[in-house]
Each structure stands twice: as C-alpha cells, then as structure tokens.
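Chemist: Quick one: the structure is below, and I'll ask about it shortly.
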Protein chains: 2
Amino acid sequence: MSIKKPDLLQGTLDLLVLKTLAQGPHHGYGIAQKILLSSRQIIDVQQGSLYPALHRLERKGLVKSEWRESDAGRMARVYSLTRTGHKHLASEIEQWSRYAAAINWVLEG
Amino acid sequence: MSIKKPDLLQGTLDLLVLKTLAQGPHHGYGIAQKILLSSRQIIDVQQGSLYPALHRLERKGLVKSEWRESDAGRMARVYSLTRTGHKHLASEIEQWSRYAAAINWVLEG
DNA sequence: CATGATATGTAGACAGTCAAGGTATAAGAG
DNA sequence: CTCTTATACCTTGACTGTCTACATATCATG
C-alpha cells in the first residue's frame, strides 16, 4: 500500500471493486492491477483484502463469477457486476461523495 | 450517523478529532457537536467511537487532557492538541487528500 | 531448473466502530 | 417536587473488515 493508513481503505474497497467491474469483467488479480493503475499507484489492494471482499460481494449478490480461461491461457475466476451490483454502485458513489464533502467541510473549519 | 456506511468513518475519525481540537480545546461532548455542525449534520460521531478514540490519541501523545469546569459550571475533561498532535494532523490531512484524490481517479475510470 | 509474474485462496491476529447500557448533574416544565 | 431533556463521562461485548503471512499452482524467461 502506497498509503500509510490502511484504515482509509475500509468502507471504500467495495466501491473500488464495484467501479472497476462496472467497466467489464475481470479476475481478482486483474482487479487489483486495475485499481493500482487507475489510482496512479496509490491504492494497492492486498490479496488478503481483495478475495474476502469479492466473496462477500458475491454472497450479497452484487457480483457473480465463473471459471474461464484468462488471456494467458490459464484458468481464472472471472467476476462481473449483477444488475443489483450496478444499482448498489450508484448508491456507494453517492455516499462516498457526501462523506468526502463532509470531511472537507470539517477541514475547512 | 446520517450516513449509512459507518465504515467510512474508520481512518478518518482521528483526522476529524485532531482538526476540531486544532481550533481550540474541547471536551468530548463538545467535539462531537462541533463535528456534527461543521460537517453539516452528516457526520454524527457516536460516544462509543469518540471516547476510545480520544483515549487512543492521548496514549499516542497527540492530545492531552485535564479536568476543568465547563461553561455550564460542571466538571469536564478538556482535551487539547500537543505539538506532536499538530504535526500529526498535517500529515493526516495530506494522506486524506492523497487518498481522496486516488478514489476520484478510480471513479473517473 | 530456478525465478518471477500470474492466479486463487485461507488462517489468525488485530484494530476500530457500533449498539447498548451505566452513572451523574443542571435546568426547565409541569 | 418530580419528570424530562440536555449535558457530560465512560465501558462492555459483538461484529466487521483489513492485514500479514502462508499455501498452492501454472507459465514464461533466463
């Protein structure tokens, strides 16, 4: 993690994963890479955080998965957003925006 | 809490408390009120979150406290920032900014 | 054939927040 | 004079989520 406060990830990991999957199906490893890339190397999601998150999201019905062959010709579990997941993502984004705005108001004093 | 994802608080609570104390000493109850006010009613810090956080920050030497008489003529434990706390606040703000920017990059795709 | 990148996953530890409750004082309403 | 509301402190126990570290396996490169 390029950032020293891992706690900041808490509550935003689902958002990051859902947003990444909204741009198309990915396997776990690829999701982590994409987040790292699109966050400009700042957010490096650890595997021990990512896989439990994916399983949690799948239990909640926000993502679904299937085994497929990856680009490299290897088996990988590919995750994609469900319709519920899409709706949920919209609400997560809204909550994040509200919360980030609230923090900034406090910081402005 | 006016926001449905309590996890978002994690990692930002210390920041909120330190920032509030940077504007002058307060007792616990007053800190919660001030955060609620300056966040425009969005962030309502529960006492069960606040007091452990204050004790944690005091253990770390970022805040100090003493018993004083409050405005209402009652005894209250008044917290204030230490010099270390001030420095730490600056770094917390910087980390928050970086992290919030990173999230926004991911959301922009 | 060893190493590093790809790929999935689990186990155990740990931290932080939450809901709920406990204690107590002061002020104002009835 | 008693009830309620606001002020003010704090703890407990449950729960969730992330972390480090580990275990496993394939493929490509050197």
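How things are named: the first chain in the structure tokens is A, the next is B, and so on; residues count from 1 in each chain; ligands count from 1 in the order shown.
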Set the cut-off to 12 Å and count only C-alpha atoms (C1' of nucleotides): what are the residues of chain D that reach chain B? Output as a PyMOL selection string.
Modeler: chain D and resi 6-12+16-18
Chemist: The selected residues should be written to file as a CSV table (one decimal), in the first residue's frame (atoms: N, CA and C atoms (P, O5', C5', C4', C3', O3' and C1' of nucleotides)).
Modeler:
```csv
chain,number,residue,atom,x,y,z
D,6,DA,P,-33.3,17.5,24.3
D,6,DA,O5',-32.0,18.1,24.9
D,6,DA,C5',-32.0,19.4,25.4
D,6,DA,C4',-30.7,19.6,26.2
D,6,DA,C3',-29.4,19.1,25.5
D,6,DA,O3',-28.5,20.2,25.5
D,6,DA,C1',-29.6,18.2,27.7
D,7,DT,P,-27.1,20.0,24.9
D,7,DT,O5',-26.2,19.7,26.1
D,7,DT,C5',-26.0,20.6,27.1
D,7,DT,C4',-25.3,20.0,28.3
D,7,DT,C3',-23.9,19.5,28.0
D,7,DT,O3',-23.0,20.3,28.8
D,7,DT,C1',-25.0,17.9,29.3
D,8,DA,P,-21.4,20.3,28.5
D,8,DA,O5',-20.9,18.8,28.7
D,8,DA,C5',-20.2,18.5,29.9
D,8,DA,C4',-20.1,17.1,30.2
D,8,DA,C3',-19.3,16.2,29.2
D,8,DA,O3',-17.9,16.3,29.4
D,8,DA,C1',-21.0,15.0,30.4
D,9,DC,P,-16.9,15.4,28.6
D,9,DC,O5',-16.9,14.0,29.4
D,9,DC,C5',-16.4,14.0,30.7
D,9,DC,C4',-16.6,12.6,31.3
D,9,DC,C3',-15.9,11.5,30.6
D,9,DC,O3',-14.7,11.2,31.2
D,9,DC,C1',-18.2,10.9,31.2
D,10,DC,P,-13.6,10.3,30.4
D,10,DC,O5',-14.3,8.9,30.4
D,10,DC,C5',-14.5,8.2,31.6
D,10,DC,C4',-15.4,7.0,31.3
D,10,DC,C3',-14.8,6.0,30.3
D,10,DC,O3',-14.0,5.0,31.1
D,10,DC,C1',-17.2,6.1,30.3
D,11,DT,P,-13.3,3.8,30.2
D,11,DT,O5',-14.4,2.7,30.3
D,11,DT,C5',-15.1,2.5,31.5
D,11,DT,C4',-16.0,1.3,31.4
D,11,DT,C3',-15.3,0.1,30.7
D,11,DT,O3',-15.7,-1.1,31.4
D,11,DT,C1',-17.3,0.7,29.5
D,12,DT,P,-14.9,-2.5,31.0
D,12,DT,O5',-16.0,-3.3,30.3
D,12,DT,C5',-17.3,-3.4,30.9
D,12,DT,C4',-18.3,-4.1,29.9
D,12,DT,C3',-17.7,-5.2,29.1
D,12,DT,O3',-18.4,-6.4,29.4
D,12,DT,C1',-18.7,-3.7,27.6
D,16,DT,P,-21.2,-9.2,11.3
D,16,DT,O5',-20.2,-8.2,10.5
D,16,DT,C5',-20.3,-6.8,10.8
D,16,DT,C4',-19.1,-6.1,10.3
D,16,DT,C3',-18.5,-6.7,9.0
D,16,DT,O3',-18.4,-5.6,8.1
D,16,DT,C1',-16.8,-6.4,10.7
D,17,DG,P,-18.1,-5.9,6.6
D,17,DG,O5',-16.5,-5.5,6.6
D,17,DG,C5',-16.1,-4.3,7.1
D,17,DG,C4',-14.6,-4.2,7.1
D,17,DG,C3',-14.0,-4.9,5.9
D,17,DG,O3',-13.2,-3.9,5.3
D,17,DG,C1',-13.0,-5.7,7.9
D,18,DT,P,-12.4,-4.1,3.9
D,18,DT,O5',-10.9,-4.2,4.4
D,18,DT,C5',-10.4,-3.1,5.2
D,18,DT,C4',-9.1,-3.5,5.8
D,18,DT,C3',-8.0,-4.1,4.8
D,18,DT,O3',-6.9,-3.3,4.9
D,18,DT,C1',-8.2,-5.5,6.8
```
Chemist: I need the strand (DSSP E) residues of chain A per DSSP on the backbone, written as a ChimeraX atom specification.
Modeler: /A:26-27,63-69,75-81
Chemist: Return the neighbours of chain A among the residues of chain B, cut-off 10 Å, counting only C-alpha atoms, as a ChimeraX atom specification.
Modeler: /B:2-13,15-17,19-20,22-23,34-43,92-93,95-109
Chemist: Keeping only C-alpha atoms, write those residues as a compact mmCIF listing (two decimals), in the first residue's frame.
Modeler:
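File out_31.txt, as written:
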```txt
# COMPACT_ATOMS: atom_id res chain seq x y z
CA SER B 2 -26.58 10.46 8.82
CA ILE B 3 -24.61 8.24 6.50
CA LYS B 4 -25.27 4.55 6.03
CA LYS B 5 -21.72 3.34 5.66
CA PRO B 6 -20.21 3.62 9.13
CA ASP B 7 -17.01 2.03 7.84
CA LEU B 8 -16.18 5.25 6.07
CA LEU B 9 -15.56 6.79 9.47
CA GLN B 10 -12.74 4.36 10.04
CA GLY B 11 -9.48 6.01 9.29
CA THR B 12 -10.93 9.48 9.27
CA LEU B 13 -12.11 9.75 12.86
CA LEU B 15 -8.39 13.30 11.47
CA LEU B 16 -11.75 14.82 12.39
CA VAL B 17 -10.96 14.89 16.09
CA LYS B 19 -8.77 19.01 13.24
CA THR B 20 -11.50 20.01 15.68
CA ALA B 22 -6.69 22.34 16.40
CA GLN B 23 -9.26 25.11 16.68
CA LYS B 34 -18.62 20.56 16.59
CA ILE B 35 -18.00 17.78 14.08
CA LEU B 36 -21.74 17.39 13.56
CA LEU B 37 -22.06 21.11 12.98
CA SER B 38 -19.07 21.61 10.71
CA SER B 39 -19.93 18.53 8.65
CA ARG B 40 -23.42 19.99 8.13
CA GLN B 41 -25.16 17.22 10.09
CA ILE B 42 -23.60 14.43 8.06
CA ILE B 43 -21.07 13.04 10.49
CA GLU B 92 -3.20 13.08 8.29
CA ILE B 93 -4.63 15.84 6.12
CA GLN B 95 -2.82 11.44 3.47
CA TRP B 96 -6.53 12.08 3.30
CA SER B 97 -6.09 14.39 0.31
CA ARG B 98 -3.99 11.86 -1.49
CA TYR B 99 -6.40 9.08 -0.78
CA ALA B 100 -9.50 11.06 -1.75
CA ALA B 101 -7.81 12.08 -4.99
CA ALA B 102 -6.92 8.45 -5.70
CA ILE B 103 -10.52 7.36 -5.17
CA ASN B 104 -11.73 10.06 -7.51
CA TRP B 105 -9.30 8.95 -10.18
CA VAL B 106 -10.66 5.44 -9.95
CA LEU B 107 -14.22 6.77 -10.15
CA GLU B 108 -13.36 8.77 -13.24
CA GLY B 109 -12.25 5.49 -14.80
```
Chemist: Can you list, as a short mmCIF file (atom, residue, chain, number, x, y, z; two decimals) with N, CA and C atoms (P, O5', C5', C4', C3', O3' and C1' of nucleotides), in the first residue's frame, every protein, DNA or RNA residue that comes within 8 Å of Ser49 of chain A when you count only C-alpha atoms (C1' of nucleotides), leaving out same-chain residues fewer than 4 positions away?
Modeler:
```
data_model
loop_
_atom_site.label_atom_id
_atom_site.label_comp_id
_atom_site.auth_asym_id
_atom_site.auth_seq_id
_atom_site.Cartn_x
_atom_site.Cartn_y
_atom_site.Cartn_z
N VAL A 45 -4.38 -2.79 -3.41
CA VAL A 45 -5.23 -3.69 -2.62
C VAL A 45 -4.54 -5.04 -2.44
N ALA A 53 -13.26 -9.71 0.05
CA ALA A 53 -14.22 -8.71 -0.42
C ALA A 53 -15.05 -9.25 -1.58
P DT D 18 -12.41 -4.14 3.93
"O5'" DT D 18 -10.89 -4.21 4.40
"C5'" DT D 18 -10.36 -3.12 5.15
"C4'" DT D 18 -9.07 -3.54 5.80
"C3'" DT D 18 -8.03 -4.11 4.82
"O3'" DT D 18 -6.86 -3.30 4.85
"C1'" DT D 18 -8.25 -5.48 6.77
P DC D 19 -5.58 -3.67 4.00
"O5'" DC D 19 -4.68 -4.50 5.03
"C5'" DC D 19 -4.32 -3.88 6.26
"C4'" DC D 19 -3.40 -4.81 7.05
"C3'" DC D 19 -2.34 -5.46 6.17
"O3'" DC D 19 -1.04 -5.05 6.54
"C1'" DC D 19 -3.54 -7.11 7.46
#
```
Chemist: Could you check how far atom CA of Arg68 of chain B sits from atom CA of Gly24 of chain B, in Å to one decimal?
Modeler: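 These atoms are spaced 14.4 Å apart.
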Chemist: Please report, as a ChimeraX atom specification, each residue of chain A to which DSSP assigns alpha helix (DSSP H) when run on this structure's backbone.
Modeler: /A:13-22,28-38,47-59,83-108
Chemist: Chain C residues within 10 Å of chain A, counting only C-alpha atoms (C1' of nucleotides): which ones, as number ranges by chain?
Modeler: C: 6-10, 15-16
Chemist: Between atom CA of Asp14 of chain B and atom CA of Leu57 of chain B, what is the distance, to one decimal in Å?
Modeler: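 Answer for the atom CA of Asp14 of chain B to atom CA of Leu57 of chain B separation: 7.7 Å.
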Chemist: Just how far from atom CA of His86 of chain B is atom CA of Ser65 of chain B, in Å to one decimal?
Modeler: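 Computed distance, atom CA of Ser65 of chain B to atom CA of His86 of chain B, equals 15.0 Å.
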